[in-house]
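Below is model_37.cif, which holds mmCIF, C-alpha atoms.
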```
data_query
#
loop_
_atom_site.label_atom_id
_atom_site.label_comp_id
_atom_site.auth_asym_id
_atom_site.auth_seq_id
_atom_site.Cartn_x
_atom_site.Cartn_y
_atom_site.Cartn_z
CA MET A 1 0.00 0.00 0.00
CA LYS A 2 1.29 3.39 -0.90
CA GLN A 3 2.39 5.42 2.12
CA ILE A 4 1.70 9.12 2.48
CA PHE A 5 4.74 11.23 3.26
CA PHE A 6 4.58 14.84 4.25
CA SER A 7 7.17 17.34 3.11
CA LEU A 8 7.44 20.96 4.12
CA VAL A 9 7.39 23.63 1.46
CA THR A 10 7.33 27.06 3.06
CA VAL A 11 9.52 28.76 5.68
CA ALA A 12 9.75 32.33 6.92
CA THR A 13 11.69 34.16 9.57
CA LEU A 14 10.32 36.13 12.50
CA THR A 15 12.67 37.57 15.16
CA ALA A 16 15.16 34.76 14.42
CA CYS A 17 12.36 32.25 14.90
CA SER A 18 11.41 30.42 11.70
CA GLY A 19 7.72 30.25 10.82
CA ILE A 20 5.63 28.04 8.51
CA ASP A 21 2.28 28.83 6.94
CA ALA A 22 -0.17 26.22 8.22
CA ASP A 23 -1.84 25.99 4.79
CA ASP A 24 1.44 25.27 3.02
CA ARG A 25 3.05 22.88 5.45
CA PHE A 26 2.82 19.51 3.70
CA ILE A 27 2.72 17.99 0.25
CA GLU A 28 2.29 14.33 -0.68
CA VAL A 29 5.25 12.34 -1.98
CA PRO A 30 5.76 8.57 -2.40
CA GLY A 31 6.55 6.45 0.65
CA ILE A 32 9.63 4.33 1.33
CA VAL A 33 10.54 1.26 3.38
CA PRO A 34 12.74 2.40 6.30
CA GLU A 35 16.20 0.85 6.56
CA ARG A 36 17.12 2.39 9.92
CA THR A 37 16.01 4.68 12.75
CA VAL A 38 16.59 8.42 12.42
CA LEU A 39 17.37 10.81 15.28
CA ILE A 40 15.92 14.33 15.00
CA GLU A 41 17.31 16.92 17.42
CA ASP A 42 14.73 19.69 17.53
CA TYR A 43 16.31 22.89 18.86
CA THR A 44 13.45 24.79 20.40
CA GLY A 45 12.39 27.14 23.21
CA GLN A 46 9.33 28.05 25.23
CA ASN A 47 9.51 31.66 24.04
CA CYS A 48 9.93 30.69 20.38
CA VAL A 49 6.62 31.64 18.76
CA ASN A 50 7.18 29.47 15.68
CA CYS A 51 8.36 26.38 17.53
CA PRO A 52 4.86 24.88 17.99
CA ALA A 53 4.66 24.56 14.19
CA ALA A 54 7.90 22.56 14.27
CA HIS A 55 6.44 20.33 16.98
CA GLU A 56 3.57 19.57 14.60
CA VAL A 57 6.06 18.55 11.94
CA LEU A 58 7.68 16.12 14.38
CA GLU A 59 4.26 14.64 15.14
CA GLN A 60 3.62 14.16 11.43
CA LEU A 61 6.96 12.44 10.92
CA GLN A 62 6.34 10.17 13.89
CA ALA A 63 2.91 9.30 12.56
CA GLN A 64 4.44 8.50 9.18
CA TYR A 65 7.24 6.34 10.59
CA PRO A 66 6.28 5.48 14.20
CA ASP A 67 9.06 2.92 14.63
CA ASN A 68 11.80 4.73 12.76
CA VAL A 69 11.83 8.38 13.84
CA ILE A 70 13.12 9.50 17.24
CA PRO A 71 12.60 13.20 18.00
CA VAL A 72 14.31 14.91 20.92
CA SER A 73 13.37 18.49 21.75
CA ILE A 74 16.39 20.35 23.07
CA HIS A 75 15.54 23.69 24.66
CA ALA A 76 18.33 26.19 24.09
CA GLY A 77 19.28 29.75 23.24
CA HIS A 78 17.60 33.03 24.07
CA PHE A 79 14.14 31.49 23.52
CA GLY A 80 14.81 28.79 26.12
CA VAL A 81 13.79 28.99 29.79
CA SER A 82 16.24 27.43 32.24
CA VAL A 83 15.04 24.69 34.58
CA ASP A 84 16.67 26.77 37.34
CA ARG A 85 13.94 29.40 36.86
CA THR A 86 11.16 26.92 37.64
CA VAL A 87 8.61 27.98 40.25
CA TYR A 88 5.92 25.32 40.51
CA PRO A 89 3.16 25.19 39.49
CA ASP A 90 2.92 28.34 37.37
CA TYR A 91 6.35 28.68 35.78
CA VAL A 92 8.25 25.61 34.56
CA GLY A 93 11.49 25.90 32.62
CA LEU A 94 12.73 23.11 30.33
CA MET A 95 16.22 24.19 29.24
CA GLN A 96 19.05 22.09 30.62
CA PRO A 97 22.59 23.54 30.90
CA GLU A 98 23.67 21.20 28.08
CA GLY A 99 21.13 22.76 25.71
CA ASP A 100 23.29 25.75 24.87
CA LYS A 101 26.38 23.56 24.54
CA MET A 102 24.59 21.41 21.98
CA ALA A 103 23.30 24.44 20.10
CA ASP A 104 26.76 26.04 20.10
CA ARG A 105 28.20 22.87 18.55
CA TRP A 106 26.06 23.57 15.49
CA ASN A 107 26.31 27.38 15.66
CA ILE A 108 22.54 27.65 15.97
CA THR A 109 21.23 31.20 16.16
CA GLY A 110 17.70 30.86 14.73
CA TYR A 111 14.88 28.74 16.11
CA PRO A 112 13.37 26.27 15.46
CA MET A 113 16.24 24.37 13.91
CA GLY A 114 16.84 20.67 13.43
CA VAL A 115 19.82 18.35 13.29
CA ILE A 116 19.06 15.13 11.40
CA ASN A 117 21.17 12.13 12.46
CA ARG A 118 23.93 14.55 13.40
CA SER A 119 24.80 14.92 9.73
CA SER A 120 22.85 18.00 8.65
CA LEU A 121 21.60 21.24 10.24
CA LEU A 122 18.33 22.27 8.63
CA GLU A 123 15.40 24.63 8.89
CA VAL A 124 12.01 23.05 9.40
CA ASP A 125 10.96 22.96 5.76
CA ALA A 126 13.87 20.61 4.96
CA TRP A 127 13.37 18.11 7.79
CA ALA A 128 11.04 15.73 5.97
CA GLU A 129 13.28 15.32 2.92
CA ALA A 130 16.38 14.80 5.07
CA VAL A 131 14.63 12.24 7.25
CA ARG A 132 13.43 10.43 4.15
CA ALA A 133 16.98 10.25 2.77
CA GLN A 134 18.37 8.94 6.05
CA LEU A 135 15.63 6.32 6.37
CA ALA A 136 16.64 4.90 3.00
CA THR A 137 20.27 4.45 4.08
CA PRO A 138 21.04 0.96 5.43
CA SER A 139 22.64 0.61 8.86
CA TYR A 140 25.10 -2.11 9.83
CA VAL A 141 24.36 -2.15 13.56
CA GLY A 142 21.25 -2.87 15.60
CA ILE A 143 20.43 -1.62 19.10
CA ASP A 144 18.19 -3.51 21.51
CA LEU A 145 17.36 -1.05 24.29
CA GLU A 146 15.55 -1.69 27.59
CA ALA A 147 14.86 0.52 30.62
CA SER A 148 13.15 -0.17 33.91
CA ILE A 149 12.52 1.56 37.24
CA SER A 150 13.95 0.17 40.46
CA GLY A 151 13.21 2.39 43.43
CA SER A 152 14.42 5.85 42.39
CA ASP A 153 16.80 4.57 39.71
CA ILE A 154 16.36 3.91 36.00
CA ASN A 155 18.28 0.80 34.95
CA ILE A 156 19.28 0.76 31.29
CA SER A 157 20.57 -2.06 29.09
CA ALA A 158 21.71 -1.56 25.49
CA THR A 159 22.77 -4.52 23.36
CA PHE A 160 24.52 -3.86 20.06
CA THR A 161 24.57 -6.28 17.12
CA PRO A 162 27.08 -5.06 14.51
CA SER A 163 27.69 -6.61 11.12
CA ALA A 164 31.04 -4.78 10.82
CA ASP A 165 33.80 -3.54 13.11
CA ILE A 166 32.70 -0.21 14.57
CA THR A 167 34.31 2.51 16.64
CA ALA A 168 31.73 5.09 17.67
CA THR A 169 30.61 7.36 20.48
CA LEU A 170 27.67 6.05 22.47
CA HIS A 171 25.20 8.60 23.82
CA VAL A 172 22.46 7.66 26.28
CA TRP A 173 19.80 10.27 27.07
CA ILE A 174 16.66 10.55 29.15
CA VAL A 175 13.65 12.24 27.49
CA GLU A 176 10.23 13.03 28.91
CA SER A 177 6.86 13.59 27.24
CA GLY A 178 3.61 14.99 28.58
CA ILE A 179 5.21 17.90 30.43
CA ILE A 180 2.67 20.68 31.00
CA ALA A 181 4.39 24.06 30.88
CA PHE A 182 3.91 27.37 29.13
CA GLN A 183 4.73 27.92 25.46
CA ARG A 184 4.40 31.00 23.30
CA ASP A 185 3.01 30.79 19.79
CA LEU A 186 2.21 33.39 17.15
CA SER A 187 -0.95 34.61 18.87
CA THR A 188 -0.68 34.05 22.61
CA ARG A 189 1.06 32.55 25.62
CA ILE A 190 -0.27 29.03 26.17
CA PRO A 191 -0.05 28.24 29.92
CA ASP A 192 -0.85 24.53 29.65
CA TYR A 193 1.01 23.47 26.52
CA ARG A 194 2.00 19.80 26.29
CA HIS A 195 5.73 19.38 25.68
CA ASP A 196 6.85 16.00 24.31
CA ASN A 197 10.23 14.36 23.72
CA VAL A 198 12.01 16.86 25.99
CA TYR A 199 15.72 16.29 26.62
CA ARG A 200 16.24 15.80 30.37
CA CYS A 201 19.81 14.60 30.81
CA ALA A 202 22.76 12.71 29.35
CA VAL A 203 23.15 9.49 31.32
CA ASN A 204 26.75 8.84 30.27
CA GLY A 205 27.91 12.44 30.09
CA PHE A 206 27.59 15.28 27.61
CA GLU A 207 30.38 13.90 25.39
CA GLY A 208 29.20 10.28 25.60
CA GLU A 209 31.77 7.48 25.61
CA GLN A 210 33.75 5.56 23.01
CA LEU A 211 32.52 2.09 22.11
CA ASN A 212 34.48 -0.48 20.11
CA LEU A 213 32.35 -3.18 18.50
CA SER A 214 33.52 -6.28 16.62
CA ALA A 215 31.61 -7.64 13.66
CA HIS A 216 29.00 -10.28 14.50
CA LEU A 217 29.75 -10.14 18.25
CA HIS A 218 27.03 -8.87 20.56
CA HIS A 219 28.01 -6.25 23.11
CA THR A 220 25.88 -5.10 26.06
CA ALA A 221 26.34 -1.87 28.02
CA THR A 222 24.45 -1.05 31.22
CA PHE A 223 23.75 2.26 32.95
CA SER A 224 21.83 3.69 35.88
CA GLN A 225 20.25 7.12 36.24
CA THR A 226 18.59 8.53 39.36
CA VAL A 227 15.17 10.06 38.75
CA ARG A 228 15.24 13.80 39.35
CA ASP A 229 12.64 15.05 41.80
CA SER A 230 13.55 18.50 43.07
CA SER A 231 12.29 22.05 43.36
CA THR A 232 13.14 22.65 39.68
CA GLU A 233 12.66 19.24 38.03
CA ARG A 234 9.97 16.66 38.71
CA TRP A 235 10.32 13.78 36.30
CA ASN A 236 7.14 11.77 35.77
CA THR A 237 8.38 8.18 35.58
CA ASP A 238 5.27 7.18 33.60
CA ASN A 239 6.37 9.48 30.77
CA LEU A 240 10.11 8.81 30.61
CA SER A 241 12.01 7.14 27.77
CA VAL A 242 15.64 6.37 27.10
CA VAL A 243 17.31 7.25 23.80
CA ALA A 244 20.61 5.65 22.79
CA PHE A 245 22.59 6.33 19.62
CA LEU A 246 25.98 5.63 18.09
CA GLU A 247 27.78 8.61 16.54
CA THR A 248 30.78 8.83 14.24
CA PRO A 249 32.24 11.92 12.54
CA GLN A 250 29.94 11.14 9.59
CA GLY A 251 26.78 11.14 11.73
CA VAL A 252 24.54 8.74 13.63
CA LEU A 253 24.98 5.07 12.71
CA GLN A 254 21.88 3.91 14.53
CA ALA A 255 19.51 5.07 17.26
CA ALA A 256 16.94 3.44 19.52
CA ILE A 257 14.32 4.48 22.05
CA ALA A 258 12.73 2.53 24.89
CA LYS A 259 9.99 3.55 27.27
CA VAL A 260 10.94 3.29 30.94
CA LYS A 261 8.81 0.56 32.51
#
```
Represent the supplied structure as structure tokens.
Amino acid sequence: MKQIFFSLVTVATLTACSGIDADDRFIEVPGIVPERTVLIEDYTGQNCVNCPAAHEVLEQLQAQYPDNVIPVSIHAGHFGVSVDRTVYPDYVGLMQPEGDKMADRWNITGYPMGVINRSSLLEVDAWAEAVRAQLATPSYVGIDLEASISGSDINISATFTPSADITATLHVWIVESGIIAFQRDLSTRIPDYRHDNVYRCAVNGFEGEQLNLSAHLHHTATFSQTVRDSSTERWNTDNLSVVAFLETPQGVLQAAIAKVK
């Protein structure tokens, strides 16, 4: 059966915050059979008035390829609101200290902006085409990812199944969906906006760690992360997921996501 794929066609700029006309957001193009999972780093902010339109694009891509697209919303820049400014229940910030470090790596100055598989920095109208191209590229490593709660800790297991020798950097992140916090859009300040796929922390450090894999030999790595429950961050364990991906200088080799159970 022919799949429907949505591609963006219009982009504009407003106070360094890219906007998309809702009537011109998608066009139909032929579907493909995914060969891998694609990581989308969505650089966003609660004060970015055009970022909700980018969130809609992520939802469309997830609906198109529910098992092969992993979005992570990274709050950063002058549109971001630091978690340190949180005052429950009326003012919740979602920007981690690492957000600006990640944005600086890509020299991001305008929002929203996306990084697709750590190989291309693109405005929203180019995300769909880039994702489509990455999905069609075979990967030579699989990731079986599991995560479970034990007391106040998240226990994580990642098993890698390579078909070639691989040296890569492994990144393991915590993301959270269903966070209710304010968000500005083109017309108003939305006090009860639902934020999904929000970057919460890097389990194995901002830089990740080197992993050496041998062809046809399984390798398992385990990690533990304490759930944050403080005056500025209150993780909802029902809405947490773990994202793991392998990165080389050429980009992401493979990525995986697992809901914390």
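If only C-alpha atoms are the atoms counted, then among A:Leu213, A:Val87, A:Ile70, A:Ala103 the closest residue to Tyr43 in chain A is A:Ala103.
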Next item on the list: In the coordinates of the file, take the point (12.3, 12.1, 37.2) and a cut-off of 12 Å; then, counting all atoms listed in the file, name each qualifying protein, DNA or RNA residue as a count of residues only.
Entry: 31
Note to self: As a check of understanding, name the residues that the PyMOL selection byres ((chain A and resi 169) around 8) selects in the supplied structure, as a list in words.
What the structure shows: Thr167, Ala168, Leu170, His171, Gly208, Glu209, Gln210, Leu211, Leu246, Glu247 and Thr248 of chain A
Next, write the just-selected residues to a file, as an mmCIF file, in the coordinates of the input, keeping C-alpha atoms as the atom set.
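That gives us out.cif:
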```
data_model
loop_
_atom_site.group_PDB
_atom_site.id
_atom_site.type_symbol
_atom_site.label_atom_id
_atom_site.label_comp_id
_atom_site.auth_asym_id
_atom_site.auth_seq_id
_atom_site.Cartn_x
_atom_site.Cartn_y
_atom_site.Cartn_z
ATOM 1 C CA THR A 167 34.310 2.510 16.640
ATOM 2 C CA ALA A 168 31.730 5.090 17.670
ATOM 3 C CA LEU A 170 27.670 6.050 22.470
ATOM 4 C CA HIS A 171 25.200 8.600 23.820
ATOM 5 C CA GLY A 208 29.200 10.280 25.600
ATOM 6 C CA GLU A 209 31.770 7.480 25.610
ATOM 7 C CA GLN A 210 33.750 5.560 23.010
ATOM 8 C CA LEU A 211 32.520 2.090 22.110
ATOM 9 C CA LEU A 246 25.980 5.630 18.090
ATOM 10 C CA GLU A 247 27.780 8.610 16.540
ATOM 11 C CA THR A 248 30.780 8.830 14.240
#
```
Note to self: Can you spell out as a PyMOL selection string the set of residues that the PyMOL selection byres ((chain A and resi 183) around 12) selects in the structure I just provided?
What the structure shows: chain A and resi 44-53+55+75+79-81+91-94+179-182+184-195
Margin query: Can you pull out the residues contacting Ser139 in chain A? Cut-off 7 Å, using all atoms listed in the file, and skip same-chain residues under 2 positions away; I want them as a PyMOL selection string.
Written below: chain A and resi 35-36+137+141+253-254
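You will find CA of Val33 in chain A at 9.4 Å from CA of Tyr65 in chain A.
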Translate the PyMOL selection byres ((chain A and resi 257) around 9) into a concrete residue list for this structure, as a short mmCIF file (atom, residue, chain, number, x, y, z; two decimals) with C-alpha atoms, in the frame of the given file.
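See part_9.cif below for the written result:
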```
data_model
loop_
_atom_site.label_atom_id
_atom_site.label_comp_id
_atom_site.auth_asym_id
_atom_site.auth_seq_id
_atom_site.Cartn_x
_atom_site.Cartn_y
_atom_site.Cartn_z
CA ILE A 70 13.12 9.50 17.24
CA ASP A 144 18.19 -3.51 21.51
CA LEU A 145 17.36 -1.05 24.29
CA GLU A 146 15.55 -1.69 27.59
CA SER A 241 12.01 7.14 27.77
CA VAL A 242 15.64 6.37 27.10
CA VAL A 243 17.31 7.25 23.80
CA ALA A 244 20.61 5.65 22.79
CA PHE A 245 22.59 6.33 19.62
CA ALA A 255 19.51 5.07 17.26
CA ALA A 256 16.94 3.44 19.52
CA ALA A 258 12.73 2.53 24.89
CA LYS A 259 9.99 3.55 27.27
#
```
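The point (16.5, 18.8, 6.3) has these residues within 12 Å of it when only C-alpha atoms are used: Ser7, Leu8, Val9, Ile40, Glu41, Asp42, Val57, Met113, Gly114, Val115, Ile116, Asn117, Arg118, Ser119, Ser120, Leu121, Leu122, Glu123, Val124, Asp125, Ala126, Trp127, Ala128, Glu129, Ala130, Val131, Arg132, Ala133 and Gln134 of chain A.
The coordinates place CA of Tyr111 in chain A at 8.4 Å from CA of Gly77 in chain A.
For the residues A:Thr222, A:Ala63, A:Pro112, A:Val69, ranking by smallest atom-to-atom distance to Ala147 in chain A using only C-alpha atoms places A:Thr222 first.
Residue nearest Ser73 in chain A, chosen from A:Gln96, A:Thr37, A:Thr159, A:Ser148 and counting only C-alpha atoms: A:Gln96.
Atom pair CA of Ser214 in chain A / CA of Ala202 in chain A: separated by 25.3 Å.
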Checklist line | Which residue of A:Ile74, A:Ile156, A:Gly251, A:Trp173 approaches Phe223 in chain A most closely, using all atoms listed in the file | finding: A:Ile156
Hey, what's within 10 Å of Pro97 in chain A if we count only C-alpha atoms and toss same-chain stuff fewer than 3 positions away? As a PDB file with C-alpha atoms, in the coordinates of the input, please?
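Output file out33.pdb follows:
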```
ATOM      1  CA  HIS A  75      15.540  23.690  24.660  1.00  0.00           C
ATOM      2  CA  ALA A  76      18.330  26.190  24.090  1.00  0.00           C
ATOM      3  CA  SER A  82      16.240  27.430  32.240  1.00  0.00           C
ATOM      4  CA  VAL A  83      15.040  24.690  34.580  1.00  0.00           C
ATOM      5  CA  ASP A  84      16.670  26.770  37.340  1.00  0.00           C
ATOM      6  CA  LEU A  94      12.730  23.110  30.330  1.00  0.00           C
ATOM      7  CA  ASP A 100      23.290  25.750  24.870  1.00  0.00           C
ATOM      8  CA  LYS A 101      26.380  23.560  24.540  1.00  0.00           C
ATOM      9  CA  MET A 102      24.590  21.410  21.980  1.00  0.00           C
ATOM     10  CA  CYS A 201      19.810  14.600  30.810  1.00  0.00           C
TER      11      CYS A 201
END
```
Next item on the list: Might you pull out every residue within 8 Å of Gly142 in chain A, with only C-alpha atoms counted and same-chain residues fewer than 4 positions away left off, and present them as JSON, numbers by chain?
Entry: {"A": [160, 161, 162, 254]}
